[in-house]
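What follows is a single structure, written as structure tokens, with notes after it.
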Amino acid sequence: MRKSWLRDYIIKRLLYSIVIAWGILTITFILVRVGPSSPADKYLANLAAKGHDPAQVIAAIEARYGLDKPILQQYGEYMLNLLQGNWGWSLSTSMPVMELIKRHWIYSFQLILLSSLFAAVLGILIGIYSAVRQYTKTDYAFTFLSFIGISIPNFWLGVMLILIFSVKLGIFKTYYDTTLPLFSLANLKALVLPVITLGTGMLAAYVRYTRSAMLENLRKPFVVTARAKGLPEHVVIGKHVFRNALLPLVTIIMFDLGSIVFGGAYLTEIVFGIPGLGQVSFNAIFANDYPVVVAITLIGTLVVLLVNLTTDIIYTYLDPRIRYD
Amino acid sequence: MTETPKAIAKDRAPLSGGGLRLIGYYWRRLTRNRLAVFGLAFIIFLALVAIIGPFFTPDPTEVDFEAKNLPPVGFTITHSTYDIKTDQFITTRVSGNWKHPLGTDRKGRDMLAMIVSGARVSLQVGLLATGIAIIIGTIIGVMSAYLGDWVDNALMRFTDVMMTFPFFLLLVLIVFIFGPSLAFIVLAIGLTGWTGTARMVRSESLSLRTREFVMAAKALGAGDGWVVFRHLIPNVISLIIVIATLSIPGVILAEAALSFIGLGDPTVPSWGIILEEGQHSLTTAWWVAVEPGIMLFLTVLAFNFLGDGLRDAFDPKSSV
């Protein structure tokens, strides 16, 4: 019985995600087509400067990119190409966009992974501590600090960390060293400041979420029961309260990925010169490399979609109370 | 259970009486929160700086050739310059002076003037873009809840799609495609930032729709417009105020971040642009990066404090 509705639910979620993905691709297509500048512009300027006839150049480039075809046919081809993994050609780096992404995603991934770990572990611990000691001086101090952590602009924090720890104290390099092997201590050291930069805002947010989720559950009758039957306090907190607070927490953490973390990672990479996808997109903006900028926004969005879907499915396994009918 | 009915009544919103009394009640609850008062005070201060500041400061684009990289008042740094005639490095000690209280950047522009101009940009963008986002979000939320059925379905699916886009990445794409002018940045943030509002307003309106007073109004023959404007919107207004206040920091940060990565309006000195310049002169003029960042941080902090205070003040369940 449970198995069958679970399967139905997962299929339903999958179909739904496909609809959302279609919406995302369509909106992106419309944005690019409606935009005032086109991939032709850059060439146009170059070639016109060399004395070519602008009208001829436009025609040639539009034919090259298929911009002369009817809009619906363009739309169909765009969708088909994306589905086949053909994400276009990066003009500024002279390689397929997919290849460019394959080379650089790992830098974004390691930064986001380490920052999330740092923020989640520390944030949950501080949050639990704060909730258990509600209205004490430590609790107030952590609450106040979390306000500061949420409000501090992460790119500014990065610049300040560089100023203090790299320029003044000389402990870390001012720039991320791209020659370091990924799995090495030196690389880990190079990532300390970036992880703090990206992780602080998340950390502060997780402290607040954990604290309020814990407090909500601490007031529930099952806590009284657990205490009444003589369970030691750490079991009550760790096993009963925290496990109940964890599920909503996971949703929020996953949701933050798209709304806060990706934007933060983009900026952190630029501040520290980490060659991840944010930096690639940043360079592409100045090279007017259209397909790359579009592709990286799309990749970020599709990753969020995938993470949301996975969270949803894991949820149904983790929480026996959940029934979606 | 020890509370007497009278004590409870004292802490509740007055049920009768005009809007002024209600505002007074919420004002008292808000001002009991010291952090919220600090937030409000700082925002008022910032607004004053943004409005009347430009009359007292020089033109932010004006360059003082005599004083490049001048530190703020109270700080002294050593400049080292290369002298061609003697082929030697000359180190000179430079102290800040009151002509440029916050110092100057590497081009010799007055930092105070740039900070004041940046305050104007940040507040304008923050208020305008949030206003647009809130209006769109409220319209979509109320329409979704009130019209229900396929309208609700279509609008909420569209909201889901927009919500999946990472906010900043979408913003980067839009500003990249349409070009960085301040008006367009405001519009882009407004047009992408409404999703949260739409969802919250929708769920609040849904629960209001089935309440007795709405049914009573309908039973008395009230039309859709009457119900929406006299009953639904006034009841979600406190929610909207809180969402708006808590959205402003994100919007201000988004504009600063866009400027920081070079997608800001290049014609207006905003905090993000100064910060970007400051990052490249950390070794020679640290204050260029520090000052706009502190302003940005305090502004965001102030709106967060105020928003949190407002939320507590409006929440009948919280005891302030």
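Here, A, B, ... name the chains of the structure tokens in the order displayed, residue numbers run from 1 inside each chain, and ligands are numbered from 1 in the same displayed order.
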Residue list for chain B near chain A as a PyMOL selection string, 10 Å, only C-alpha atoms: chain B and resi 35+157-179+249-250+253-254+256-258+260-263+272+275-276+278-280+282-283+286+289-290+292-294+296-305
In stretch 24-185 of chain A, what's strand (DSSP E or B) per DSSP? Answer as an MDAnalysis selection string? chainID A and resid 89:90 95:96
Gap from atom CA of B:Arg211 to atom CA of B:Val227 - Å, one decimal: 11.9 Å
Would you please give, as a VMD selection string, all residues of stretch 179-281 of chain B that DSSP assigns to alpha helix (DSSP H) based on the backbone? chain B and resid 182 to 192 195 to 209 212 to 219 224 to 226 233 to 260 271 to 280
Considering only C-alpha atoms, return as a PyMOL selection string whatever protein or nucleic-acid residues lie within 8 Å of B:Asp105, sequence-local ones (same chain, fewer than 5 positions apart) excluded. chain B and resi 68-70+110-111+285+288
